[in-house]
Structures are given as C-alpha cells and as structure tokens.
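Shown next: entry.cif, given as mmCIF, C-alpha atoms.
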data_upload
loop_
_atom_site.label_atom_id
_atom_site.label_comp_id
_atom_site.auth_asym_id
_atom_site.auth_seq_id
_atom_site.Cartn_x
_atom_site.Cartn_y
_atom_site.Cartn_z
CA MET G 28 -102.41 -30.74 -36.78
CA MET G 29 -101.94 -28.88 -40.02
CA VAL G 30 -103.49 -25.66 -41.24
CA CYS G 31 -103.19 -24.84 -44.90
CA LEU G 32 -103.07 -21.15 -45.75
CA ILE G 33 -104.30 -20.33 -49.25
CA PHE G 34 -103.41 -16.89 -50.59
CA LEU G 35 -106.07 -15.56 -52.91
CA GLY G 36 -104.02 -12.76 -54.42
CA MET G 37 -105.48 -9.27 -54.25
CA ILE G 38 -108.97 -10.32 -53.18
CA THR G 39 -110.34 -8.27 -50.30
CA VAL G 40 -112.69 -10.09 -47.97
CA PRO G 41 -115.35 -7.80 -46.47
CA THR G 42 -115.48 -7.62 -42.67
CA SER G 43 -119.06 -8.91 -42.84
CA VAL G 44 -117.57 -12.37 -43.51
CA TYR G 45 -116.25 -12.34 -39.94
CA ALA G 46 -119.18 -10.59 -38.31
CA THR G 47 -121.78 -13.32 -37.95
CA PRO G 48 -120.61 -16.87 -37.19
CA THR G 49 -123.93 -18.56 -37.83
CA ARG G 50 -123.15 -22.11 -38.91
CA SER G 51 -121.43 -25.25 -37.67
CA THR G 52 -117.73 -25.38 -38.51
CA THR G 53 -114.35 -26.70 -37.35
CA ILE G 54 -112.52 -23.44 -38.11
CA ALA G 55 -113.52 -19.86 -37.30
CA LEU G 56 -112.14 -16.32 -37.32
CA THR G 57 -112.65 -13.65 -34.71
CA LYS G 58 -114.84 -10.72 -35.76
CA ASN G 59 -111.85 -8.52 -36.55
CA GLY G 60 -110.03 -11.35 -38.35
CA SER G 61 -107.00 -11.19 -36.04
CA LYS G 62 -107.29 -14.74 -34.63
CA LEU G 63 -108.12 -18.10 -36.19
CA VAL G 64 -109.45 -20.96 -34.02
CA VAL G 65 -109.10 -24.53 -35.31
CA VAL G 66 -110.57 -27.73 -33.81
CA ASN G 67 -108.07 -30.61 -33.49
CA THR G 68 -110.29 -33.67 -33.02
CA ASP G 69 -107.45 -36.20 -32.94
CA SER G 70 -105.54 -34.40 -30.16
CA ASN G 71 -108.55 -33.19 -28.11
CA SER G 72 -107.49 -29.57 -28.43
CA VAL G 73 -108.00 -26.31 -30.28
CA SER G 74 -105.26 -24.23 -31.85
CA VAL G 75 -105.40 -20.45 -31.75
CA PHE G 76 -103.44 -18.60 -34.42
CA GLU G 77 -102.63 -14.94 -34.86
CA VAL G 78 -103.48 -13.90 -38.43
CA LYS G 79 -100.68 -11.71 -39.76
CA SER G 80 -99.82 -9.71 -42.89
CA ASN G 81 -103.43 -9.40 -44.08
CA GLY G 82 -103.91 -13.15 -43.87
CA GLN G 83 -100.69 -14.14 -45.61
CA SER G 84 -99.19 -15.82 -42.54
CA LEU G 85 -100.21 -17.45 -39.27
CA ASN G 86 -98.46 -17.51 -35.91
CA LEU G 87 -99.48 -20.25 -33.46
CA LEU G 88 -100.39 -18.56 -30.16
CA ALA G 89 -101.54 -21.63 -28.23
CA GLU G 90 -102.83 -25.18 -28.42
CA ILE G 91 -105.45 -25.48 -25.69
CA PRO G 92 -106.58 -28.89 -24.37
CA VAL G 93 -110.38 -29.29 -24.40
CA GLY G 94 -112.81 -32.16 -23.83
CA LYS G 95 -112.79 -35.46 -25.69
CA GLU G 96 -113.51 -35.42 -29.44
CA PRO G 97 -113.97 -31.69 -30.11
CA GLN G 98 -116.25 -31.21 -33.12
CA CYS G 99 -117.22 -27.60 -33.66
CA VAL G 100 -116.16 -24.04 -32.88
CA ALA G 101 -118.19 -20.83 -32.77
CA VAL G 102 -116.47 -17.50 -32.09
CA LYS G 103 -118.21 -14.59 -30.38
CA GLY G 104 -116.69 -11.21 -31.24
CA ASN G 105 -112.95 -11.13 -30.71
CA GLY G 106 -112.58 -12.66 -27.27
CA ARG G 107 -114.57 -15.87 -26.85
CA ALA G 108 -114.74 -19.26 -28.57
CA TYR G 109 -117.13 -22.12 -27.80
CA ILE G 110 -116.07 -25.72 -28.53
CA THR G 111 -118.39 -28.76 -28.60
CA ASN G 112 -116.84 -31.98 -27.27
CA ALA G 113 -118.73 -35.06 -28.47
CA ALA G 114 -117.34 -37.73 -26.12
CA SER G 115 -117.38 -35.37 -23.11
CA GLY G 116 -120.97 -34.18 -23.60
CA SER G 117 -119.85 -30.61 -23.07
CA VAL G 118 -119.16 -27.19 -24.52
CA TRP G 119 -116.02 -25.42 -23.39
CA SER G 120 -115.80 -21.64 -23.35
CA ILE G 121 -112.32 -20.40 -24.34
CA ASP G 122 -111.02 -16.94 -23.42
CA LEU G 123 -109.14 -15.89 -26.57
CA ASP G 124 -107.31 -13.05 -24.80
CA LYS G 125 -105.94 -15.18 -21.96
CA LEU G 126 -105.74 -18.30 -24.19
CA ARG G 127 -107.31 -20.61 -21.61
CA VAL G 128 -110.50 -22.49 -20.80
CA ALA G 129 -112.92 -20.17 -19.01
CA LYS G 130 -115.84 -22.53 -18.34
CA LYS G 131 -117.04 -26.07 -19.01
CA ILE G 132 -120.77 -26.39 -19.76
CA LEU G 133 -122.51 -29.77 -19.69
CA VAL G 134 -125.02 -30.29 -22.52
CA GLY G 135 -126.74 -33.34 -24.04
CA THR G 136 -125.21 -36.56 -25.30
CA GLU G 137 -122.63 -36.28 -28.10
CA PRO G 138 -122.77 -32.56 -29.00
CA ARG G 139 -121.67 -31.96 -32.59
CA GLY G 140 -122.66 -28.79 -34.43
CA CYS G 141 -122.95 -25.36 -32.88
CA ALA G 142 -123.81 -21.84 -34.00
CA LEU G 143 -124.22 -18.44 -32.41
CA MET G 144 -127.08 -16.06 -32.94
CA PRO G 145 -125.83 -13.07 -35.00
CA GLN G 146 -125.80 -10.77 -31.94
CA GLY G 147 -124.03 -13.53 -29.99
CA SER G 148 -126.54 -13.78 -27.14
CA LEU G 149 -127.28 -17.49 -27.58
CA LEU G 150 -125.31 -20.54 -28.66
CA TYR G 151 -127.27 -23.46 -30.16
CA VAL G 152 -125.72 -26.95 -29.82
CA ALA G 153 -126.87 -30.09 -31.70
CA ASN G 154 -126.78 -33.08 -29.32
CA HIS G 155 -126.46 -35.91 -31.86
CA THR G 156 -127.28 -39.04 -29.88
CA GLU G 157 -129.84 -37.42 -27.59
CA GLY G 158 -131.92 -35.86 -30.37
CA THR G 159 -131.95 -32.45 -28.71
CA VAL G 160 -130.60 -28.95 -29.17
CA SER G 161 -129.18 -27.16 -26.13
CA VAL G 162 -129.55 -23.38 -25.97
CA ILE G 163 -126.77 -21.68 -24.00
CA SER G 164 -126.87 -18.10 -22.77
CA THR G 165 -123.46 -16.61 -23.59
CA ALA G 166 -123.93 -14.07 -20.79
CA SER G 167 -124.41 -16.64 -18.00
CA LYS G 168 -122.66 -19.51 -19.83
CA THR G 169 -125.43 -21.89 -18.77
CA VAL G 170 -127.96 -24.05 -20.62
CA ILE G 171 -131.24 -22.14 -20.52
CA LYS G 172 -133.32 -24.50 -22.65
CA THR G 173 -133.20 -27.94 -24.23
CA ILE G 174 -135.30 -28.48 -27.35
CA LYS G 175 -136.31 -32.01 -28.37
CA VAL G 176 -135.93 -32.30 -32.14
CA GLY G 177 -135.70 -36.09 -32.51
CA GLY G 178 -133.45 -38.01 -34.85
CA ASN G 179 -129.74 -37.31 -34.77
CA PRO G 180 -129.10 -33.55 -35.07
CA MET G 181 -125.70 -32.89 -36.60
CA ALA G 182 -125.17 -29.30 -37.77
CA ILE G 183 -126.78 -25.92 -37.21
CA ALA G 184 -127.20 -22.77 -39.29
CA ILE G 185 -128.85 -19.53 -38.19
CA THR G 186 -130.23 -16.73 -40.35
CA ASP G 187 -129.05 -13.14 -40.09
CA LYS G 188 -132.09 -11.06 -40.94
CA GLY G 189 -130.75 -8.08 -39.01
CA GLY G 190 -132.36 -6.89 -35.83
CA ALA G 191 -132.73 -8.86 -32.65
CA ASP G 192 -131.60 -12.45 -32.14
CA LYS G 193 -135.20 -13.45 -31.32
CA ASP G 194 -136.17 -12.66 -34.95
CA GLN G 195 -133.80 -15.27 -36.45
CA THR G 196 -134.48 -18.80 -37.71
CA VAL G 197 -132.43 -21.81 -36.56
CA PHE G 198 -131.95 -24.73 -38.98
CA VAL G 199 -130.82 -28.15 -37.71
CA THR G 200 -129.80 -31.08 -39.90
CA ASP G 201 -130.79 -34.65 -39.08
CA PHE G 202 -127.81 -36.91 -39.78
CA PHE G 203 -129.98 -39.92 -40.58
CA ALA G 204 -132.54 -37.98 -42.59
CA ARG G 205 -135.11 -40.09 -44.36
CA LEU G 206 -137.20 -39.30 -47.41
CA ILE G 207 -140.84 -38.56 -46.76
CA LYS G 208 -143.04 -40.81 -48.86
CA ASN G 209 -144.37 -38.80 -51.81
CA GLY G 210 -142.54 -35.77 -50.42
CA PRO G 211 -139.96 -33.48 -52.00
CA GLY G 212 -136.86 -35.25 -53.26
CA GLU G 213 -138.56 -38.56 -53.94
#

Would you put the structure from the file into structure tokens?
Amino acid sequence: MMVCLIFLGMITVPTSVYATPTRSTTIALTKNGSKLVVVNTDSNSVSVFEVKSNGQSLNLLAEIPVGKEPQCVAVKGNGRAYITNAASGSVWSIDLDKLRVAKKILVGTEPRGCALMPQGSLLYVANHTEGTVSVISTASKTVIKTIKVGGNPMAIAITDKGGADKDQTVFVTDFFARLIKNGPGE
C-alpha cells in the first residue's frame, strides 16, 4: 500500500471540504482533518493515518483488517469510518479512536459505493450485483431499508442543501448504463 502526499504550497483548504463526505471514494479525511482513512483492496484492509504538520506529513496509526475486497470508505465526524466489502457482502464500522472494527453489517450482494448523508444519520450503500441500495442507520448500525434500483449500482453521491438529511437527494450510478433511444446523449 502506498499513499502519495502532494504538498500544494501555501493553499489553505477550508474546513468545509472535510465536513460533508457525500460521495463514493477510496480515501477520506475525518471532519477535523486529523486522520486519513485509505482502502487497501489488495490486502483486505484499511490504513488509518495521522495527518501532521498541516498536511505535510502522515504517520501510520494502524492497518486494520476488514472484509474481502474493500471498495469504499465514508467517514462520519472524527470517530467513525464505514467500509464496504464487495466479496463479503458487508459494511464494517471502524472506531477511529480505538482503531478497531466496531461492527460488521450485512448488506446486499457485492457492495461498492457508499456515502453518508451530510448530517451523518444515514449511510447509503450501492449493492452492485443485487441492483439495490442499502440504507444503514448510523445510530443503530443496522440496515433499515433496501431500495431496488435495478441494473448494477456502482457509486453514490448525496447533495448538501443544508438542513435536515431528509431534504437531500441521493444519486446512484448504474455501472452498465445504456443510452435511452432518442434520449439525451444519443
């Protein structure tokens, strides 16, 4: 596993960049920017780094084993990360303070993308082979709803319109998207 640190000179990144993890990704920062979580698909693990010297250096805190074929990470606040594991059909909740797995949550077949609502109350997970999206309550760490979307959902993005999580819009990509006859893009 290798993480490349790119120094951007005197550029200041606003804290709002860290505040709302609302898209599928394999790398994510905590809200305060003090920890970086990286998915290691080849080694079935995630690495947690301490971000030091205003982002100029990283210190590896832990490499935590997770399920098979981790694909995506979403970080809630400063203390919790959620990892999708495609071959395990699960999402693992990681305690970033204790640097250990807190809970394993079974979802649909081959979960790929994931994203948190801006307030962090719900985690949406794209179950690629099953054609569904699992909705996980971050309070109870359980699946509260499964939404049939068809196709092969791959990634997720969620708006941040301000206000309550219920007022947001969730976007899901279909990996094998097809053009609609006489539709846009044709």

Would you list the residues near (-104.5, -11.0, -37.1) (no more than 10 Å away, in the coordinates of the file, using all atoms listed in the file) as a PyMOL selection string? chain G and resi 56-57+59-63+76-86

Can you work out the spacing between atom CA of G:Arg107 and atom CA of G:Gly94 in Å, to one decimal? 16.7 Å

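Interatomic distance, atom CA of G:Asp124 against atom CA of G:Asp192: 25.4 Å.
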
Select, from G:Asn154, G:Gly106, G:Ala191, G:Ala184, the residue with the minimum atom-to-atom distance to G:Leu126, counting all atoms listed in the file. G:Gly106

Name the residues that the PyMOL selection byres ((chain G and resi 150) around 6) picks from the file above, as a PyMOL selection string, using the file's chain letters and numbers. chain G and resi 142-143+149+151+162-163

For those residues, write C-alpha atoms to a file as a CSV table (one decimal), in the coordinates of the input.
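Result file follows (selection_30.csv):
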chain,number,residue,atom,x,y,z
G,142,ALA,CA,-123.8,-21.8,-34.0
G,143,LEU,CA,-124.2,-18.4,-32.4
G,149,LEU,CA,-127.3,-17.5,-27.6
G,151,TYR,CA,-127.3,-23.5,-30.2
G,162,VAL,CA,-129.6,-23.4,-26.0
G,163,ILE,CA,-126.8,-21.7,-24.0

Residue by residue, what does the PyMOL selection byres ((chain G and resi 112) around 8) grab here? Present the result as a ChimeraX atom specification. /G:93-99,110-111,113-119,137-139

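Compared by their closest atoms to G:Cys141, and using all atoms listed in the file, the residues G:Gln195, G:Ser161, G:Ser72, G:Ser167 rank with G:Ser161 nearest.
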
Taking the file above as input, evaluate the PyMOL selection byres ((chain G and resi 129) around 10) and report the hits as a PyMOL selection string. chain G and resi 107-109+119-123+125-128+130-131+168

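Put simply, atom CA of G:Leu87 is 26.2 Å away from atom CA of G:Thr165.
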
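Distances from G:Glu90, G:Ser148, G:Ile132, G:Ser74 to G:Thr169 were compared using only C-alpha atoms, and the smallest one belongs to G:Ile132.
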
Need the shell around G:Thr200: protein/DNA/RNA residues with any atom at most 12 Å away, counting only C-alpha atoms. Skip same-chain ones fewer than 5 positions apart. Format as a list in words? Arg50, Ser51, Arg139, Gly140, Cys141, Val152, Ala153, Asn154, His155, Gly158, Thr159, Val160, Val176, Gly177, Gly178, Asn179, Pro180, Met181, Ala182, Ile183, Ala184, Ile185 and Arg205 of chain G

Output file for the selection above: C-alpha atoms, as an mmCIF file, in the coordinates of the input:
data_model
loop_
_atom_site.group_PDB
_atom_site.id
_atom_site.type_symbol
_atom_site.label_atom_id
_atom_site.label_comp_id
_atom_site.auth_asym_id
_atom_site.auth_seq_id
_atom_site.Cartn_x
_atom_site.Cartn_y
_atom_site.Cartn_z
ATOM 1 C CA ARG G 50 -123.150 -22.110 -38.910
ATOM 2 C CA SER G 51 -121.430 -25.250 -37.670
ATOM 3 C CA ARG G 139 -121.670 -31.960 -32.590
ATOM 4 C CA GLY G 140 -122.660 -28.790 -34.430
ATOM 5 C CA CYS G 141 -122.950 -25.360 -32.880
ATOM 6 C CA VAL G 152 -125.720 -26.950 -29.820
ATOM 7 C CA ALA G 153 -126.870 -30.090 -31.700
ATOM 8 C CA ASN G 154 -126.780 -33.080 -29.320
ATOM 9 C CA HIS G 155 -126.460 -35.910 -31.860
ATOM 10 C CA GLY G 158 -131.920 -35.860 -30.370
ATOM 11 C CA THR G 159 -131.950 -32.450 -28.710
ATOM 12 C CA VAL G 160 -130.600 -28.950 -29.170
ATOM 13 C CA VAL G 176 -135.930 -32.300 -32.140
ATOM 14 C CA GLY G 177 -135.700 -36.090 -32.510
ATOM 15 C CA GLY G 178 -133.450 -38.010 -34.850
ATOM 16 C CA ASN G 179 -129.740 -37.310 -34.770
ATOM 17 C CA PRO G 180 -129.100 -33.550 -35.070
ATOM 18 C CA MET G 181 -125.700 -32.890 -36.600
ATOM 19 C CA ALA G 182 -125.170 -29.300 -37.770
ATOM 20 C CA ILE G 183 -126.780 -25.920 -37.210
ATOM 21 C CA ALA G 184 -127.200 -22.770 -39.290
ATOM 22 C CA ILE G 185 -128.850 -19.530 -38.190
ATOM 23 C CA ARG G 205 -135.110 -40.090 -44.360
#
